[in-house]
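Visitor: Take a look at start-v7.pdb, PDB, C-alpha atoms:
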MODEL        1
ATOM      1  CA  MET A   1      -0.402   1.526 -24.590
ATOM      2  CA  SER A   2       1.318   1.196 -21.222
ATOM      3  CA  GLY A   3       4.325   3.366 -20.450
ATOM      4  CA  ARG A   4       7.338   1.931 -18.642
ATOM      5  CA  PHE A   5       9.937   4.142 -16.974
ATOM      6  CA  ASP A   6      13.378   3.207 -15.632
ATOM      7  CA  CYS A   7      13.551   4.987 -12.284
ATOM      8  CA  SER A   8      17.319   4.466 -12.025
ATOM      9  CA  ASP A   9      17.607   7.244 -14.639
ATOM     10  CA  ALA A  10      16.804  10.678 -13.168
ATOM     11  CA  PHE A  11      15.087  11.971 -16.311
ATOM     12  CA  GLU A  12      12.974   8.852 -16.808
ATOM     13  CA  ARG A  13      12.093   8.775 -13.124
ATOM     14  CA  ALA A  14      10.809  12.353 -13.200
ATOM     15  CA  MET A  15       8.880  11.710 -16.407
ATOM     16  CA  GLY A  16       7.487   8.443 -15.084
ATOM     17  CA  LEU A  17       6.298  10.038 -11.864
ATOM     18  CA  ARG A  18       4.523  12.782 -13.821
ATOM     19  CA  GLU A  19       2.834  10.207 -16.046
ATOM     20  CA  ALA A  20       1.868   8.051 -13.072
ATOM     21  CA  VAL A  21       0.336  10.992 -11.195
ATOM     22  CA  SER A  22      -1.662  11.942 -14.300
ATOM     23  CA  ALA A  23      -2.825   8.349 -14.764
ATOM     24  CA  VAL A  24      -3.996   8.104 -11.143
ATOM     25  CA  ARG A  25      -5.920  11.350 -11.494
ATOM     26  CA  ARG A  26      -7.618   9.960 -14.627
ATOM     27  CA  GLY A  27      -8.772   6.929 -12.653
ATOM     28  CA  GLU A  28      -6.263   4.521 -14.207
ATOM     29  CA  ILE A  29      -3.995   2.064 -12.405
ATOM     30  CA  VAL A  30      -0.201   2.126 -12.085
ATOM     31  CA  VAL A  31       2.513  -0.289 -10.959
ATOM     32  CA  LEU A  32       5.079   0.934  -8.439
ATOM     33  CA  PRO A  33       7.998  -0.572  -6.517
ATOM     34  CA  THR A  34       7.859  -0.876  -2.733
ATOM     35  CA  ASP A  35      10.218  -2.187  -0.080
ATOM     36  CA  THR A  36       8.399  -5.550  -0.047
ATOM     37  CA  VAL A  37       7.023  -6.466  -3.500
ATOM     38  CA  TYR A  38       5.749  -4.522  -6.516
ATOM     39  CA  GLY A  39       2.293  -3.051  -6.063
ATOM     40  CA  VAL A  40      -0.520  -1.988  -8.366
ATOM     41  CA  GLY A  41      -2.169   1.220  -7.240
ATOM     42  CA  ALA A  42      -5.229   3.380  -7.831
ATOM     43  CA  ASP A  43      -6.786   6.505  -6.352
ATOM     44  CA  ALA A  44      -8.147   5.305  -2.993
ATOM     45  CA  PHE A  45     -11.045   7.761  -3.239
ATOM     46  CA  SER A  46     -12.224   6.647  -6.697
ATOM     47  CA  PRO A  47     -14.529   3.613  -6.396
ATOM     48  CA  GLU A  48     -14.270   3.076 -10.166
ATOM     49  CA  ALA A  49     -10.468   3.046 -10.050
ATOM     50  CA  VAL A  50     -10.397   0.659  -7.087
ATOM     51  CA  ALA A  51     -12.874  -1.620  -8.866
ATOM     52  CA  ARG A  52     -10.575  -1.567 -11.901
ATOM     53  CA  LEU A  53      -7.620  -2.534  -9.683
ATOM     54  CA  LEU A  54      -9.487  -5.452  -8.103
ATOM     55  CA  GLY A  55     -10.855  -6.585 -11.471
ATOM     56  CA  THR A  56      -7.411  -6.503 -13.092
ATOM     57  CA  LYS A  57      -6.041  -8.753 -10.344
ATOM     58  CA  GLY A  58      -9.082 -11.038 -10.431
ATOM     59  CA  ARG A  59      -9.686 -10.209  -6.776
ATOM     60  CA  GLY A  60     -13.129 -10.080  -5.170
ATOM     61  CA  ARG A  61     -14.559  -7.347  -2.964
ATOM     62  CA  ASN A  62     -14.204  -9.752  -0.047
ATOM     63  CA  MET A  63     -10.438  -9.070  -0.275
ATOM     64  CA  PRO A  64     -10.337  -5.249  -0.010
ATOM     65  CA  SER A  65      -7.277  -3.303  -1.061
ATOM     66  CA  PRO A  66      -4.829  -1.937   1.514
ATOM     67  CA  VAL A  67      -3.864   1.740   1.333
ATOM     68  CA  LEU A  68      -0.364   3.219   1.108
ATOM     69  CA  VAL A  69       0.423   6.702   2.445
ATOM     70  CA  GLY A  70       3.351   9.030   1.895
ATOM     71  CA  SER A  71       3.751  10.213   5.498
ATOM     72  CA  PRO A  72       2.631   9.207   9.012
ATOM     73  CA  GLY A  73       0.504  12.338   9.163
ATOM     74  CA  ASP A  74      -1.618  11.045   6.288
ATOM     75  CA  LEU A  75      -3.007   8.370   8.588
ATOM     76  CA  ASP A  76      -4.731  11.060  10.660
ATOM     77  CA  LEU A  77      -6.660  12.037   7.513
ATOM     78  CA  LEU A  78      -8.055   8.509   7.313
ATOM     79  CA  VAL A  79      -8.458   7.413  10.932
ATOM     80  CA  ASP A  80     -10.048   8.991  14.033
ATOM     81  CA  ASP A  81      -8.706   8.484  17.559
ATOM     82  CA  LEU A  82      -5.547   6.608  16.621
ATOM     83  CA  PRO A  83      -4.426   4.611  19.676
ATOM     84  CA  GLN A  84      -1.147   5.563  21.336
ATOM     85  CA  ARG A  85       0.154   2.008  20.732
ATOM     86  CA  ALA A  86      -0.351   2.550  17.006
ATOM     87  CA  ARG A  87       1.675   5.762  17.106
ATOM     88  CA  GLU A  88       4.459   3.938  18.949
ATOM     89  CA  LEU A  89       4.519   1.225  16.281
ATOM     90  CA  MET A  90       4.575   3.847  13.518
ATOM     91  CA  GLU A  91       7.456   5.682  15.185
ATOM     92  CA  VAL A  92       9.596   2.546  15.117
ATOM     93  CA  PHE A  93       8.492   0.722  11.956
ATOM     94  CA  TRP A  94       7.321   3.438   9.515
ATOM     95  CA  PRO A  95       8.345   3.748   6.822
ATOM     96  CA  GLY A  96       8.733   0.005   6.496
ATOM     97  CA  GLY A  97       7.126  -3.399   6.392
ATOM     98  CA  LEU A  98       4.297  -2.908   8.889
ATOM     99  CA  THR A  99       0.630  -2.574   7.922
ATOM    100  CA  LEU A 100      -1.823  -1.306  10.538
ATOM    101  CA  VAL A 101      -5.529  -2.158  10.458
ATOM    102  CA  ALA A 102      -7.587   0.660  11.963
ATOM    103  CA  ARG A 103     -11.165   1.933  11.876
ATOM    104  CA  HIS A 104     -11.438   4.582   9.174
ATOM    105  CA  LYS A 105     -13.364   7.828   9.480
ATOM    106  CA  PRO A 106     -17.073   7.170   8.819
ATOM    107  CA  SER A 107     -17.170  10.347   6.732
ATOM    108  CA  LEU A 108     -14.731   9.067   4.106
ATOM    109  CA  VAL A 109     -16.241   8.683   0.649
ATOM    110  CA  TRP A 110     -14.497   5.618  -0.743
ATOM    111  CA  ASP A 111     -15.083   1.949  -1.532
ATOM    112  CA  LEU A 112     -12.093  -0.340  -1.079
ATOM    113  CA  GLY A 113     -14.229  -3.479  -0.940
ATOM    114  CA  GLU A 114     -15.853  -5.187   2.036
ATOM    115  CA  THR A 115     -13.786  -3.539   4.757
ATOM    116  CA  HIS A 116     -16.422  -3.542   7.540
ATOM    117  CA  GLY A 117     -15.358  -0.030   8.470
ATOM    118  CA  THR A 118     -11.632  -0.715   8.692
ATOM    119  CA  VAL A 119      -8.633   0.103   6.517
ATOM    120  CA  ALA A 120      -5.186  -1.520   6.280
ATOM    121  CA  VAL A 121      -2.555   1.240   5.966
ATOM    122  CA  ARG A 122       1.203   1.245   5.422
ATOM    123  CA  MET A 123       3.945   3.747   4.640
ATOM    124  CA  PRO A 124       6.497   1.992   2.400
ATOM    125  CA  ALA A 125      10.248   2.528   2.710
ATOM    126  CA  HIS A 126      10.858   3.144  -0.987
ATOM    127  CA  ALA A 127      11.787   6.542  -2.409
ATOM    128  CA  VAL A 128       9.911   6.103  -5.710
ATOM    129  CA  ALA A 129       6.738   5.008  -3.929
ATOM    130  CA  ILE A 130       6.970   7.913  -1.476
ATOM    131  CA  ASP A 131       7.527  10.454  -4.263
ATOM    132  CA  LEU A 132       4.411   9.164  -6.003
ATOM    133  CA  LEU A 133       2.297   9.099  -2.830
ATOM    134  CA  VAL A 134       3.281  12.643  -1.882
ATOM    135  CA  GLU A 135       1.840  13.823  -5.198
ATOM    136  CA  THR A 136      -1.256  11.615  -5.379
ATOM    137  CA  GLY A 137      -2.255  11.274  -1.750
ATOM    138  CA  PRO A 138      -3.309   7.867  -0.368
ATOM    139  CA  LEU A 139      -3.419   5.071  -2.939
ATOM    140  CA  ALA A 140      -5.215   1.753  -2.813
ATOM    141  CA  VAL A 141      -2.300  -0.612  -3.453
ATOM    142  CA  SER A 142      -2.253  -4.393  -3.697
ATOM    143  CA  SER A 143       0.532  -6.696  -4.838
ATOM    144  CA  ALA A 144       0.966  -6.430  -8.615
ATOM    145  CA  ASN A 145       0.048 -10.020  -9.437
ATOM    146  CA  LEU A 146      -2.948 -11.958 -10.649
ATOM    147  CA  THR A 147      -4.745 -13.504  -7.683
ATOM    148  CA  GLY A 148      -3.184 -16.878  -6.905
ATOM    149  CA  LYS A 149       0.119 -16.078  -8.650
ATOM    150  CA  PRO A 150       3.383 -15.158  -6.858
ATOM    151  CA  SER A 151       3.825 -11.535  -5.832
ATOM    152  CA  PRO A 152       6.310  -9.888  -8.232
ATOM    153  CA  GLN A 153       9.762  -8.784  -7.157
ATOM    154  CA  ASP A 154      10.506  -6.939 -10.390
ATOM    155  CA  CYS A 155       8.728  -4.894 -13.015
ATOM    156  CA  ASP A 156       8.996  -7.598 -15.698
ATOM    157  CA  ALA A 157       7.057 -10.073 -13.561
ATOM    158  CA  ALA A 158       4.342  -7.497 -12.833
ATOM    159  CA  ARG A 159       4.028  -6.534 -16.494
ATOM    160  CA  GLY A 160       3.925 -10.176 -17.560
ATOM    161  CA  MET A 161       0.812 -10.674 -15.434
ATOM    162  CA  LEU A 162      -1.015  -7.342 -15.729
ATOM    163  CA  GLY A 163       0.013  -6.214 -19.230
ATOM    164  CA  GLU A 164      -1.865  -3.359 -20.885
ATOM    165  CA  ALA A 165      -4.435  -3.097 -18.092
ATOM    166  CA  VAL A 166      -1.882  -0.880 -16.305
ATOM    167  CA  ALA A 167      -1.320   2.660 -17.609
ATOM    168  CA  VAL A 168       2.173   3.263 -16.172
ATOM    169  CA  TYR A 169       4.913   0.964 -14.886
ATOM    170  CA  LEU A 170       7.529   2.541 -12.609
ATOM    171  CA  ASP A 171      10.556   0.243 -12.730
ATOM    172  CA  GLY A 172      12.597   0.601  -9.556
ATOM    173  CA  GLY A 173      14.671  -2.533 -10.050
ATOM    174  CA  PRO A 174      14.321  -5.745  -8.024
ATOM    175  CA  THR A 175      12.774  -5.508  -4.575
ATOM    176  CA  PRO A 176      14.924  -6.617  -1.613
ATOM    177  CA  ALA A 177      12.815  -9.698  -0.824
ATOM    178  CA  ALA A 178       9.484 -11.334  -1.521
ATOM    179  CA  VAL A 179       8.441 -11.035   2.117
ATOM    180  CA  PRO A 180       5.089  -9.249   2.567
ATOM    181  CA  SER A 181       4.455  -6.696   5.275
ATOM    182  CA  SER A 182       3.399  -7.777   8.737
ATOM    183  CA  ILE A 183      -0.205  -6.843   9.590
ATOM    184  CA  VAL A 184      -1.279  -5.687  13.043
ATOM    185  CA  ASP A 185      -4.910  -5.005  13.950
ATOM    186  CA  ILE A 186      -5.186  -2.005  16.284
ATOM    187  CA  THR A 187      -8.991  -1.827  16.381
ATOM    188  CA  GLY A 188      -9.342  -3.624  19.737
ATOM    189  CA  GLN A 189      -8.142  -3.100  23.294
ATOM    190  CA  SER A 190      -4.836  -4.826  22.508
ATOM    191  CA  PRO A 191      -2.972  -5.057  19.180
ATOM    192  CA  VAL A 192      -3.240  -8.382  17.349
ATOM    193  CA  LEU A 193      -0.787  -9.781  14.801
ATOM    194  CA  LEU A 194      -2.849 -10.925  11.806
ATOM    195  CA  ARG A 195       0.079 -11.830   9.529
ATOM    196  CA  ALA A 196       3.762 -12.278  10.301
ATOM    197  CA  GLY A 197       6.014 -10.876   7.599
ATOM    198  CA  ALA A 198       8.782  -8.307   7.239
ATOM    199  CA  VAL A 199       8.577  -7.329  10.919
ATOM    200  CA  SER A 200       8.754 -10.249  13.347
ATOM    201  CA  ALA A 201       6.480 -10.766  16.350
ATOM    202  CA  GLU A 202       9.579 -10.466  18.542
ATOM    203  CA  GLN A 203      10.399  -7.036  17.096
ATOM    204  CA  LEU A 204       6.806  -5.887  17.501
ATOM    205  CA  ARG A 205       6.619  -7.037  21.128
ATOM    206  CA  LYS A 206       9.581  -4.821  22.003
ATOM    207  CA  VAL A 207       7.220  -1.922  21.304
ATOM    208  CA  VAL A 208       3.852  -3.460  22.260
ATOM    209  CA  PRO A 209       4.483  -6.285  24.781
ATOM    210  CA  ASP A 210       0.786  -7.221  24.905
ATOM    211  CA  LEU A 211       0.655  -8.080  21.208
ATOM    212  CA  GLY A 212      -1.698 -10.987  20.603
ATOM    213  CA  GLU A 213      -1.718 -13.388  17.673
ATOM    214  CA  ARG A 214      -4.636 -14.727  15.658
TER     215      ARG A 214
ENDMDL
END
Would you kindly transcribe this structure into structure tokens?

Guide:
Amino acid sequence: MSGRFDCSDAFERAMGLREAVSAVRRGEIVVLPTDTVYGVGADAFSPEAVARLLGTKGRGRNMPSPVLVGSPGDLDLLVDDLPQRARELMEVFWPGGLTLVARHKPSLVWDLGETHGTVAVRMPAHAVAIDLLVETGPLAVSSANLTGKPSPQDCDAARGMLGEAVAVYLDGGPTPAAVPSSIVDITGQSPVLLRAGAVSAEQLRKVVPDLGER
């Protein structure tokens, strides 16, 4: 049976985080609040757990899961030769609503789906999410909805769609908005905006003036 924990209560928050960390280490999936929408997460380095996440959402391998990290330094564990432009974007917009697409280390043993050697990474600006990520390390995290349904802004909506397939629900209250993160591809010579979202193109161009758009 799924456990649900009210993270506005200090005791329940601590207990919920412990249960969520244990669930991730067992290869189960958990729901967590972020600064954009609620996400469903799994151990990024467990192919079985990631497959469970994608299967629960009804999402194919052609739509690989992004990864959330608990600190900017975690990105260096996943990516070689991070461009200086990427570091400048991280300095301004992390933690926050910016996802960066970079080429991951070839040596990494993981399977997020059909990534073609890249990974989409973000550091969320949400204390509960960060506390969890610090304990678990990088998590594969996708919006906590069934594919084709609206992304949830509260724990009730996530639970209504994912039900008992999720081991632990961390209820952090409503999210500020249903706006997804912006996605910038940093794999080429110049950064490219793949999706406009929480961070506008105008804001991004103040840091990287040569930002292109797809």

Visitor: Hey, which of A:Asp210, A:Asp74, A:Glu12, A:Asp35 ends up closest to Val134 of chain A? Count only C-alpha atoms.

Guide: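 Among the listed residues, the smallest separation from Val134 of chain A belongs to A:Asp74.
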
Visitor: Counting only C-alpha atoms, figure out which residue out of A:Gly96, A:Lys57, A:Ser107, A:Ala49 gets nearest to Met161 of chain A.

Guide: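 Closest to Met161 of chain A of all the choices is A:Lys57.
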
Visitor: Using the chain letters and numbers from the file, give me the residues hit by the PyMOL selection byres ((chain A and resi 193-197) around 9), as a list in words.

Guide: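 Output from the PyMOL selection byres ((chain A and resi 193-197) around 9), applied to this file: Gly97, Leu98, Val179, Pro180, Ser181, Ser182, Ile183, Val184, Asp185, Pro191, Val192, Ala198, Val199, Ser200, Ala201, Leu204, Leu211, Gly212, Glu213 and Arg214 of chain A.
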
Visitor: Counting all atoms listed in the file, what is within 8 Å of Arg122 of chain A, bar same-chain residues fewer than 2 positions away, as a PyMOL selection string?

Guide: chain A and resi 66-69+94-100+120+124

Visitor: Taking only C-alpha atoms into account, which of A:Pro47, A:Gly55, A:Gly27, A:Gly3 comes nearest Asn145 of chain A?

Guide: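 Comparing A:Pro47, A:Gly55, A:Gly27, A:Gly3 against Asn145 of chain A, the winner is A:Gly55.
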
Visitor: Quick one: residues within 9 Å of Gly113 of chain A, all atoms listed in the file, excluding same-chain residues fewer than 4 positions away - as a ChimeraX atom specification?

Guide: /A:47,50-51,54,60-65

Visitor: Using the chain letters and numbers from the file, which residues does the PyMOL selection byres ((chain A and resi 117) around 10) grab, as a VMD selection string?

Guide: chain A and resid 102 to 106 114 to 116 118 to 119

Visitor: What does the distance from atom CA of Ile29 of chain A to atom CA of Ala178 of chain A come to in Å, to one decimal?

Guide: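 Pair atom CA of Ile29 of chain A / atom CA of Ala178 of chain A returns 21.9 Å.
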
Visitor: For the file shown, what are the residues hit by the PyMOL selection byres ((chain A and resi 88) around 12), laid out as a ChimeraX atom specification?

Guide: /A:72,82-87,89-94,100,186,191,204-209

Visitor: I'd like to know which of A:Leu53, A:Val40, A:Met123, A:Val24 is closest to Ser71 of chain A, using all atoms listed in the file.

Guide: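 Closest candidate: A:Met123.
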
Visitor: Taking all atoms listed in the file into account, name the residue in A:Ala23, A:Met15, A:Leu77, A:Val166 that is nearest to Gly137 of chain A.

Guide: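 Checking each candidate against Gly137 of chain A, we get A:Leu77 as the closest.
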
Visitor: Find the distance between atom CA of Arg18 of chain A and atom CA of Leu78 of chain A and write it in Å to one decimal.

Guide: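 Spanning atom CA of Arg18 of chain A to atom CA of Leu78 of chain A is a straight-line distance of 25.0 Å.
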
Visitor: In Å, with one decimal, what is the gap from atom CA of Asp131 of chain A to atom CA of Arg59 of chain A?

Guide: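 The value is 27.0 Å.
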
Visitor: I'd like the contact shell of His126 of chain A - 10 Å cut-off, all atoms listed in the file, skipping same-chain residues fewer than 6 positions apart - returned as a PDB file with C-alpha atoms, keeping the file's coordinate frame.

Guide:
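Below is the file part_13.pdb, written as the result:
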ATOM      1  CA  LEU A  32       5.079   0.934  -8.439  1.00  0.00           C
ATOM      2  CA  PRO A  33       7.998  -0.572  -6.517  1.00  0.00           C
ATOM      3  CA  THR A  34       7.859  -0.876  -2.733  1.00  0.00           C
ATOM      4  CA  ASP A  35      10.218  -2.187  -0.080  1.00  0.00           C
ATOM      5  CA  THR A  36       8.399  -5.550  -0.047  1.00  0.00           C
ATOM      6  CA  GLY A  70       3.351   9.030   1.895  1.00  0.00           C
ATOM      7  CA  PRO A  95       8.345   3.748   6.822  1.00  0.00           C
ATOM      8  CA  GLY A  96       8.733   0.005   6.496  1.00  0.00           C
ATOM      9  CA  GLY A 172      12.597   0.601  -9.556  1.00  0.00           C
ATOM     10  CA  THR A 175      12.774  -5.508  -4.575  1.00  0.00           C
TER      11      THR A 175
END

Visitor: Enumerate, in order of chain and increasing residue number, the residues of segment 81-178 of chain A with an atom no farther than 12 Å from segment 7-10 of chain A, each with its shortest atom pair and distance in Å to one decimal, counting only C-alpha atoms, as a tab-separated table.

Guide:
residue	atom	partner	partner_atom	distance
A:His126	CA	A:Cys7	CA	11.8
A:Ala127	CA	A:Cys7	CA	10.2
A:Val128	CA	A:Cys7	CA	7.6
A:Ala129	CA	A:Cys7	CA	10.8
A:Asp131	CA	A:Cys7	CA	11.4
A:Leu132	CA	A:Cys7	CA	11.9
A:Cys155	CA	A:Cys7	CA	11.0
A:Tyr169	CA	A:Cys7	CA	9.9
A:Leu170	CA	A:Cys7	CA	6.5
A:Asp171	CA	A:Cys7	CA	5.6
A:Gly172	CA	A:Cys7	CA	5.3
A:Gly173	CA	A:Ser8	CA	7.7
A:Pro174	CA	A:Ser8	CA	11.4

Visitor: Given the choices A:Leu146, A:Ala167, A:Asp80, A:Ser151, which gets closest to Arg26 of chain A if the distance is worked out from all atoms listed in the file?

Guide: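 Of A:Leu146, A:Ala167, A:Asp80, A:Ser151, the one nearest Arg26 of chain A, counting all atoms listed in the file, is A:Ala167.
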
Visitor: To box segment 7-26 of chain A, take all atoms listed in the file, fit an axis-aligned box, add 4 Å on each side, and give centre and edge lengths in Å to one decimal, as lines of an AutoDock Vina configuration file.

Guide:
center_x = 5.0
center_y = 8.6
center_z = -14.0
size_x = 33.2
size_y = 16.3
size_z = 13.7
